[in-house]
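So this block is coords-v5.cif, mmCIF, C-alpha atoms:
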```
data_start
loop_
_atom_site.group_PDB
_atom_site.id
_atom_site.type_symbol
_atom_site.label_atom_id
_atom_site.label_comp_id
_atom_site.auth_asym_id
_atom_site.auth_seq_id
_atom_site.Cartn_x
_atom_site.Cartn_y
_atom_site.Cartn_z
ATOM 1 C CA MET A 1 41.385 -65.404 -8.097
ATOM 2 C CA TYR A 2 41.854 -65.178 -11.852
ATOM 3 C CA PRO A 3 43.184 -61.741 -12.845
ATOM 4 C CA ASN A 4 40.542 -61.931 -15.579
ATOM 5 C CA ILE A 5 37.408 -64.002 -15.233
ATOM 6 C CA PRO A 6 37.245 -66.370 -18.239
ATOM 7 C CA ASP A 7 35.168 -64.849 -21.040
ATOM 8 C CA GLU A 8 33.465 -68.194 -21.566
ATOM 9 C CA ALA A 9 32.373 -68.560 -17.926
ATOM 10 C CA ASN A 10 29.027 -67.659 -16.409
ATOM 11 C CA VAL A 11 29.826 -66.022 -13.063
ATOM 12 C CA LEU A 12 27.626 -66.206 -9.965
ATOM 13 C CA ARG A 13 28.273 -63.380 -7.489
ATOM 14 C CA GLY A 14 26.695 -61.892 -4.396
ATOM 15 C CA PRO A 15 26.762 -62.487 -0.643
ATOM 16 C CA PHE A 16 24.684 -65.677 -0.800
ATOM 17 C CA VAL A 17 27.081 -67.263 -3.295
ATOM 18 C CA THR A 18 30.298 -66.039 -1.695
ATOM 19 C CA GLY A 19 28.985 -67.029 1.729
ATOM 20 C CA LEU A 20 28.718 -70.721 0.885
ATOM 21 C CA SER A 21 30.894 -72.898 3.096
ATOM 22 C CA ASP A 22 33.250 -75.442 1.558
ATOM 23 C CA ASP A 23 30.773 -78.225 2.369
ATOM 24 C CA GLU A 24 27.865 -76.263 0.891
ATOM 25 C CA PHE A 25 29.832 -75.587 -2.283
ATOM 26 C CA PHE A 26 30.706 -79.279 -2.572
ATOM 27 C CA ARG A 27 27.016 -80.183 -2.185
ATOM 28 C CA LEU A 28 26.079 -77.625 -4.858
ATOM 29 C CA CYS A 29 28.535 -79.280 -7.257
ATOM 30 C CA GLN A 30 27.222 -82.768 -6.466
ATOM 31 C CA GLU A 31 23.629 -81.705 -7.068
ATOM 32 C CA ASN A 32 24.635 -80.177 -10.434
ATOM 33 C CA ASP A 33 27.092 -82.831 -11.564
ATOM 34 C CA LEU A 34 26.438 -82.295 -15.274
ATOM 35 C CA VAL A 35 27.871 -78.777 -15.017
ATOM 36 C CA ARG A 36 31.567 -77.851 -14.871
ATOM 37 C CA ILE A 37 31.927 -75.621 -11.814
ATOM 38 C CA GLU A 38 34.973 -73.929 -10.291
ATOM 39 C CA ARG A 39 35.328 -71.317 -7.550
ATOM 40 C CA THR A 40 37.619 -68.296 -7.392
ATOM 41 C CA ALA A 41 39.635 -67.301 -4.332
ATOM 42 C CA ASP A 42 36.900 -64.704 -3.674
ATOM 43 C CA HIS A 43 34.332 -67.546 -3.693
ATOM 44 C CA GLU A 44 32.642 -66.380 -6.878
ATOM 45 C CA ILE A 45 31.312 -69.400 -8.761
ATOM 46 C CA LEU A 46 32.351 -70.042 -12.366
ATOM 47 C CA ILE A 47 30.098 -72.201 -14.530
ATOM 48 C CA MET A 48 32.120 -73.350 -17.504
ATOM 49 C CA PRO A 49 30.949 -74.722 -20.868
ATOM 50 C CA PRO A 50 31.723 -78.375 -21.683
ATOM 51 C CA ALA A 51 35.066 -79.120 -23.306
ATOM 52 C CA GLY A 52 35.281 -79.370 -27.079
ATOM 53 C CA PHE A 53 35.421 -82.827 -28.674
ATOM 54 C CA GLU A 54 39.036 -82.618 -29.835
ATOM 55 C CA SER A 55 40.337 -81.011 -26.645
ATOM 56 C CA SER A 56 38.541 -83.686 -24.621
ATOM 57 C CA TYR A 57 40.251 -86.371 -26.725
ATOM 58 C CA SER A 58 43.651 -84.763 -26.187
ATOM 59 C CA SER A 59 43.195 -84.297 -22.443
ATOM 60 C CA GLY A 60 42.151 -87.954 -22.290
ATOM 61 C CA GLN A 61 45.379 -88.952 -24.006
ATOM 62 C CA ALA A 62 47.380 -86.836 -21.566
ATOM 63 C CA TYR A 63 45.589 -88.468 -18.630
ATOM 64 C CA LEU A 64 46.274 -91.906 -20.113
ATOM 65 C CA ALA A 65 50.013 -91.185 -20.361
ATOM 66 C CA LEU A 66 50.019 -90.033 -16.742
ATOM 67 C CA ALA A 67 48.010 -93.037 -15.571
ATOM 68 C CA LEU A 68 50.385 -95.460 -17.331
ATOM 69 C CA TRP A 69 53.347 -93.754 -15.662
ATOM 70 C CA GLN A 70 51.601 -94.069 -12.297
ATOM 71 C CA ARG A 71 50.842 -97.754 -12.856
ATOM 72 C CA GLN A 72 54.544 -98.391 -13.424
ATOM 73 C CA HIS A 73 55.936 -96.233 -10.606
ATOM 74 C CA ARG A 74 53.174 -96.635 -7.974
ATOM 75 C CA GLN A 75 53.679 -93.191 -6.488
ATOM 76 C CA GLY A 76 50.828 -90.997 -5.274
ATOM 77 C CA ARG A 77 47.562 -90.691 -7.189
ATOM 78 C CA VAL A 78 46.587 -89.673 -10.734
ATOM 79 C CA LEU A 79 43.266 -87.854 -11.140
ATOM 80 C CA GLU A 80 41.143 -86.939 -14.152
ATOM 81 C CA SER A 81 39.200 -83.766 -14.879
ATOM 82 C CA SER A 82 36.214 -84.253 -12.573
ATOM 83 C CA VAL A 83 38.276 -83.785 -9.395
ATOM 84 C CA GLY A 84 38.201 -80.493 -7.536
ATOM 85 C CA TYR A 85 41.030 -79.262 -5.305
ATOM 86 C CA LEU A 86 40.381 -76.874 -2.419
ATOM 87 C CA LEU A 87 43.491 -74.721 -2.682
ATOM 88 C CA PRO A 88 45.208 -72.720 0.083
ATOM 89 C CA ASP A 89 43.878 -69.440 -1.374
ATOM 90 C CA GLY A 90 40.277 -70.710 -1.067
ATOM 91 C CA ALA A 91 39.702 -71.398 -4.768
ATOM 92 C CA VAL A 92 38.413 -74.746 -5.999
ATOM 93 C CA LEU A 93 39.947 -75.644 -9.369
ATOM 94 C CA SER A 94 39.792 -78.688 -11.631
ATOM 95 C CA PRO A 95 42.685 -79.457 -14.027
ATOM 96 C CA ASP A 96 42.320 -81.754 -17.027
ATOM 97 C CA ALA A 97 44.748 -84.222 -15.430
ATOM 98 C CA SER A 98 46.803 -84.129 -12.247
ATOM 99 C CA TRP A 99 49.102 -86.050 -9.957
ATOM 100 C CA VAL A 100 49.357 -85.851 -6.165
ATOM 101 C CA SER A 101 52.441 -87.243 -4.439
ATOM 102 C CA SER A 102 52.127 -89.721 -1.570
ATOM 103 C CA GLU A 103 53.603 -87.085 0.758
ATOM 104 C CA ARG A 104 50.881 -84.544 -0.008
ATOM 105 C CA LEU A 105 48.173 -87.179 -0.005
ATOM 106 C CA ALA A 106 49.176 -88.118 3.542
ATOM 107 C CA THR A 107 48.267 -84.595 4.728
ATOM 108 C CA VAL A 108 44.524 -85.134 4.177
ATOM 109 C CA THR A 109 42.206 -87.559 5.929
ATOM 110 C CA ALA A 110 40.181 -90.327 4.321
ATOM 111 C CA GLU A 111 37.051 -88.261 5.030
ATOM 112 C CA GLN A 112 38.494 -85.188 3.292
ATOM 113 C CA ARG A 113 39.260 -87.300 0.225
ATOM 114 C CA GLN A 114 35.545 -87.957 -0.210
ATOM 115 C CA LYS A 115 35.029 -84.270 -1.068
ATOM 116 C CA PHE A 116 37.305 -81.574 -2.497
ATOM 117 C CA PRO A 117 40.511 -82.295 -0.567
ATOM 118 C CA PRO A 118 42.276 -79.272 0.944
ATOM 119 C CA LEU A 119 45.519 -79.721 -0.953
ATOM 120 C CA CYS A 120 47.287 -78.697 -4.123
ATOM 121 C CA PRO A 121 48.457 -81.307 -6.642
ATOM 122 C CA ASP A 122 52.146 -81.547 -7.462
ATOM 123 C CA PHE A 123 51.566 -81.707 -11.236
ATOM 124 C CA VAL A 124 48.754 -80.474 -13.497
ATOM 125 C CA ILE A 125 47.916 -80.567 -17.204
ATOM 126 C CA GLU A 126 45.518 -78.078 -18.780
ATOM 127 C CA VAL A 127 44.380 -78.489 -22.406
ATOM 128 C CA LYS A 128 42.928 -75.443 -24.149
ATOM 129 C CA SER A 129 39.345 -75.779 -25.381
ATOM 130 C CA PRO A 130 38.115 -73.696 -28.360
ATOM 131 C CA SER A 131 36.281 -71.346 -25.985
ATOM 132 C CA ASP A 132 39.348 -70.817 -23.767
ATOM 133 C CA ARG A 133 41.761 -67.888 -24.042
ATOM 134 C CA ILE A 134 45.481 -68.459 -23.563
ATOM 135 C CA PRO A 135 45.979 -65.391 -21.277
ATOM 136 C CA THR A 136 43.229 -66.679 -18.976
ATOM 137 C CA LEU A 137 44.731 -70.169 -18.901
ATOM 138 C CA GLN A 138 48.193 -68.708 -18.261
ATOM 139 C CA ALA A 139 46.741 -66.833 -15.287
ATOM 140 C CA LYS A 140 45.182 -70.054 -14.040
ATOM 141 C CA MET A 141 48.528 -71.834 -14.349
ATOM 142 C CA GLU A 142 50.180 -69.074 -12.310
ATOM 143 C CA GLN A 143 47.483 -69.543 -9.685
ATOM 144 C CA TRP A 144 48.262 -73.262 -9.582
ATOM 145 C CA LEU A 145 51.951 -72.412 -9.016
ATOM 146 C CA ARG A 146 51.185 -69.902 -6.253
ATOM 147 C CA ASN A 147 49.235 -72.588 -4.452
ATOM 148 C CA GLY A 148 51.990 -75.187 -4.642
ATOM 149 C CA VAL A 149 52.042 -76.937 -8.035
ATOM 150 C CA ARG A 150 55.608 -78.019 -8.816
ATOM 151 C CA LEU A 151 55.157 -78.555 -12.566
ATOM 152 C CA GLY A 152 52.365 -77.529 -14.930
ATOM 153 C CA LEU A 153 51.783 -78.151 -18.627
ATOM 154 C CA LEU A 154 49.449 -75.989 -20.705
ATOM 155 C CA ILE A 155 48.664 -77.458 -24.122
ATOM 156 C CA ASP A 156 47.342 -75.413 -27.072
ATOM 157 C CA LEU A 157 46.173 -77.809 -29.802
ATOM 158 C CA GLU A 158 45.382 -75.124 -32.362
ATOM 159 C CA THR A 159 48.943 -73.790 -32.517
ATOM 160 C CA GLU A 160 50.678 -77.023 -31.432
ATOM 161 C CA THR A 161 52.318 -75.175 -28.575
ATOM 162 C CA ALA A 162 53.042 -76.372 -25.049
ATOM 163 C CA TYR A 163 53.833 -74.063 -22.132
ATOM 164 C CA VAL A 164 55.865 -75.567 -19.295
ATOM 165 C CA HIS A 165 55.360 -73.826 -15.945
ATOM 166 C CA ARG A 166 57.767 -74.268 -13.019
ATOM 167 C CA PRO A 167 57.893 -72.246 -9.781
ATOM 168 C CA GLY A 168 60.312 -69.338 -9.910
ATOM 169 C CA GLN A 169 61.283 -69.931 -13.543
ATOM 170 C CA PRO A 170 60.277 -68.323 -16.849
ATOM 171 C CA VAL A 171 57.637 -70.189 -18.810
ATOM 172 C CA GLU A 172 59.225 -72.584 -21.307
ATOM 173 C CA VAL A 173 57.512 -72.488 -24.707
ATOM 174 C CA VAL A 174 57.699 -75.677 -26.776
ATOM 175 C CA THR A 175 56.610 -75.298 -30.401
ATOM 176 C CA GLY A 176 55.575 -78.264 -32.517
ATOM 177 C CA PHE A 177 54.125 -81.598 -31.452
ATOM 178 C CA ASP A 178 56.798 -83.831 -33.022
ATOM 179 C CA GLN A 179 58.506 -84.237 -29.665
ATOM 180 C CA GLU A 180 57.886 -85.197 -26.075
ATOM 181 C CA LEU A 181 57.848 -83.409 -22.748
ATOM 182 C CA ARG A 182 59.663 -84.766 -19.704
ATOM 183 C CA GLY A 183 58.500 -84.730 -16.111
ATOM 184 C CA GLU A 184 61.834 -84.516 -14.278
ATOM 185 C CA PRO A 185 62.465 -83.870 -11.477
ATOM 186 C CA VAL A 186 58.851 -83.929 -10.284
ATOM 187 C CA LEU A 187 57.798 -87.097 -12.137
ATOM 188 C CA PRO A 188 60.979 -89.104 -12.849
ATOM 189 C CA GLY A 189 60.644 -91.096 -16.062
ATOM 190 C CA PHE A 190 57.366 -89.466 -17.176
ATOM 191 C CA ARG A 191 57.175 -88.687 -20.888
ATOM 192 C CA LEU A 192 54.295 -86.976 -22.674
ATOM 193 C CA ASP A 193 54.466 -87.696 -26.412
ATOM 194 C CA LEU A 194 52.811 -84.635 -27.917
ATOM 195 C CA ARG A 195 52.140 -86.502 -31.153
ATOM 196 C CA GLU A 196 49.547 -88.579 -29.295
ATOM 197 C CA LEU A 197 47.618 -85.415 -28.435
ATOM 198 C CA ARG A 198 47.006 -84.442 -32.045
ATOM 199 C CA PRO A 199 43.346 -84.834 -33.097
ATOM 200 C CA GLN A 200 42.851 -87.983 -35.124
ATOM 201 C CA SER A 201 41.523 -87.693 -38.692
#
```

Output the file's structure in the form of structure tokens.
Amino acid sequence: MYPNIPDEANVLRGPFVTGLSDDEFFRLCQENDLVRIERTADHEILIMPPAGFESSYSSGQAYLALALWQRQHRQGRVLESSVGYLLPDGAVLSPDASWVSSERLATVTAEQRQKFPPLCPDFVIEVKSPSDRIPTLQAKMEQWLRNGVRLGLLIDLETETAYVHRPGQPVEVVTGFDQELRGEPVLPGFRLDLRELRPQS
């Protein structure tokens, strides 16, 4: 569960909502596919506003860099922002971009992959939208790590700051977008050129 529910989220609570099974929650999301929906570990439902134009552009560029790396290395799967992961703590979260290793992918069945697979990605990227708050996103990144993410990048376009999250280590703060981030040892050879994430004029 988020230590603080996002200010920008509409929250659905109550025994009917929290009593939904994983399959029922998946069906709810499919029947409301124009809405961004996540679920906390307490099974409260978060309805999020759409991403801003510039943050959507930047998250698309981050996904593209990850997809190009995947095409070259042919390891695991790269997913974009519409995927939902059923995490060990019961939450269902959707990062802006993610990568799942072949080893973790092998732990779920083909049938489970048709819904929200019960696994945690190895690597996630979150890009801050104008309505997001950094403390809330930092809490979400910590939740990703608690559930098994091995490397997480949080990108703040407004301040040109990147936060690198690794399990058991202090958060690394990278200031300025005239540089690139590296994916070692989780994604050998992956480079994210932060200059490509800047909004285009």

Each residue of region 128-164 of chain A lying at most 10 Å from region 32-54 of chain A should get a row with its shortest atom-to-atom pair and the distance in Å to one decimal, counting all atoms listed in the file; could you produce that, ordered by chain and increasing number, as a tab-separated table?
```
residue	atom	partner	partner_atom	distance
A:Lys128	CA	A:Ala51	CA	8.7
A:Ser129	CA	A:Gly52	CA	5.7
A:Pro130	CA	A:Gly52	CA	6.5
A:Ser131	CA	A:Pro49	CA	8.1
A:Asp132	CA	A:Ala51	CA	9.4
A:Gln143	CA	A:Ala41	CA	9.8
A:Leu157	CA	A:Glu54	CA	8.6
```

Write the residues of the preceding selection, restricted to C-alpha atoms, as a PDB file, keeping the file's coordinate frame.
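File written: again-v8.pdb
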```pdb
ATOM      1  CA  LYS A 128      42.928 -75.443 -24.149  1.00  0.00           C
ATOM      2  CA  SER A 129      39.345 -75.779 -25.381  1.00  0.00           C
ATOM      3  CA  PRO A 130      38.115 -73.696 -28.360  1.00  0.00           C
ATOM      4  CA  SER A 131      36.281 -71.346 -25.985  1.00  0.00           C
ATOM      5  CA  ASP A 132      39.348 -70.817 -23.767  1.00  0.00           C
ATOM      6  CA  GLN A 143      47.483 -69.543  -9.685  1.00  0.00           C
ATOM      7  CA  LEU A 157      46.173 -77.809 -29.802  1.00  0.00           C
TER       8      LEU A 157
END
```

Handout entry: Residue nearest Tyr57 (chain A) among A:Met141, A:Leu86, A:Val127, A:Leu28 (counting all atoms listed in the file)
Key =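 Closest residue, counting all atoms listed in the file: A:Val127.
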
Practice task
Rank A:Leu87, A:Gly168, A:Arg13, A:Ala65 by their smallest atom-to-atom distance to Leu194 (chain A), using all atoms listed in the file, and report the top residue only.
Solution key: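 Going through A:Leu87, A:Gly168, A:Arg13, A:Ala65 one by one, the smallest distance to Leu194 (chain A) is for A:Ala65.
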
Practice task
With the file shown as input, list the residues that the PyMOL selection byres ((chain A and resi 77) around 6) selects, as JSON, numbers by chain.
Solution key: {"A": [76, 78, 99, 100]}

C-alpha atoms of the current selection, written as an mmCIF file, in the frame of the given file:
```
data_model
loop_
_atom_site.group_PDB
_atom_site.id
_atom_site.type_symbol
_atom_site.label_atom_id
_atom_site.label_comp_id
_atom_site.auth_asym_id
_atom_site.auth_seq_id
_atom_site.Cartn_x
_atom_site.Cartn_y
_atom_site.Cartn_z
ATOM 1 C CA GLY A 76 50.828 -90.997 -5.274
ATOM 2 C CA VAL A 78 46.587 -89.673 -10.734
ATOM 3 C CA TRP A 99 49.102 -86.050 -9.957
ATOM 4 C CA VAL A 100 49.357 -85.851 -6.165
#
```

Exercise for the section: Record the distance separating CA of His165 (chain A) and CA of Ala91 (chain A), expressed in Å with one decimal. Expected result: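 Interatomic distance, CA of His165 (chain A) to CA of Ala91 (chain A): 19.4 Å.
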
Practice task
Step by step, work through what the PyMOL selection byres ((chain A and resi 121-124) around 8) selects in the shown file, and finish by giving those residues as a list in words.
Solution key: Tyr85, Pro95, Asp96, Ala97, Ser98, Trp99, Val100, Ser101, Arg104, Leu119, Cys120, Ile125, Glu126, Gly148, Val149, Arg150, Leu151, Gly152, Leu153 and Val186 of chain A

Hey, can I get the axis-aligned box for region 15-31 of chain A? All listed atoms, 4 Å padding on each side, centre and edge lengths in Å to one decimal, as JSON.
```
{"center_x": 28.4, "center_y": -72.6, "center_z": -2.1, "size_x": 17.6, "size_y": 28.3, "size_z": 18.4}
```

Handout entry: Distance in Å - CA of Val174 (chain A) versus CA of Trp69 (chain A)
Key =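 One can read the CA of Val174 (chain A) to CA of Trp69 (chain A) distance as 21.7 Å.
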
Practice task
Determine the nearest neighbour of Cys29 (chain A) from the options A:Ala62, A:Ala106, A:Leu197, A:Val83, counting only C-alpha atoms.
Solution key: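 Using only C-alpha atoms, the shortest distance to Cys29 (chain A) belongs to A:Val83.
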
Exercise for the section: Please measure the separation of CA of Asp22 (chain A) and CA of Phe116 (chain A), giving the value in Å to one decimal. Expected result: 8.4 Å

Handout entry: Given only C-alpha atoms as the counted atoms, nearest of A:Gln114, A:Thr161, A:Thr136, A:Asn147 to Phe177 (chain A)
Key =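 Among A:Gln114, A:Thr161, A:Thr136, A:Asn147, it is A:Thr161 that comes nearest to Phe177 (chain A).
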
Taking the block just given, write region 41-59 of chain A to a file that holds C-alpha atoms, as an mmCIF file, in the first residue's frame.
```
data_model
loop_
_atom_site.group_PDB
_atom_site.id
_atom_site.type_symbol
_atom_site.label_atom_id
_atom_site.label_comp_id
_atom_site.auth_asym_id
_atom_site.auth_seq_id
_atom_site.Cartn_x
_atom_site.Cartn_y
_atom_site.Cartn_z
ATOM 1 C CA ALA A 41 -2.128 -3.855 -1.201
ATOM 2 C CA ASP A 42 -5.337 -3.318 0.815
ATOM 3 C CA HIS A 43 -7.331 -3.753 -2.427
ATOM 4 C CA GLU A 44 -8.516 -0.155 -2.516
ATOM 5 C CA ILE A 45 -8.909 0.939 -6.133
ATOM 6 C CA LEU A 46 -7.071 4.007 -7.436
ATOM 7 C CA ILE A 47 -8.443 5.752 -10.517
ATOM 8 C CA MET A 48 -5.697 7.931 -11.921
ATOM 9 C CA PRO A 49 -5.917 10.882 -14.333
ATOM 10 C CA PRO A 50 -4.389 10.472 -17.812
ATOM 11 C CA ALA A 51 -0.710 11.298 -18.200
ATOM 12 C CA GLY A 52 0.301 14.760 -19.357
ATOM 13 C CA PHE A 53 1.341 15.237 -22.991
ATOM 14 C CA GLU A 54 5.028 15.865 -22.303
ATOM 15 C CA SER A 55 5.368 13.129 -19.687
ATOM 16 C CA SER A 56 3.678 10.698 -22.077
ATOM 17 C CA TYR A 57 6.206 11.652 -24.772
ATOM 18 C CA SER A 58 9.106 11.114 -22.377
ATOM 19 C CA SER A 59 7.831 7.779 -21.077
#
```
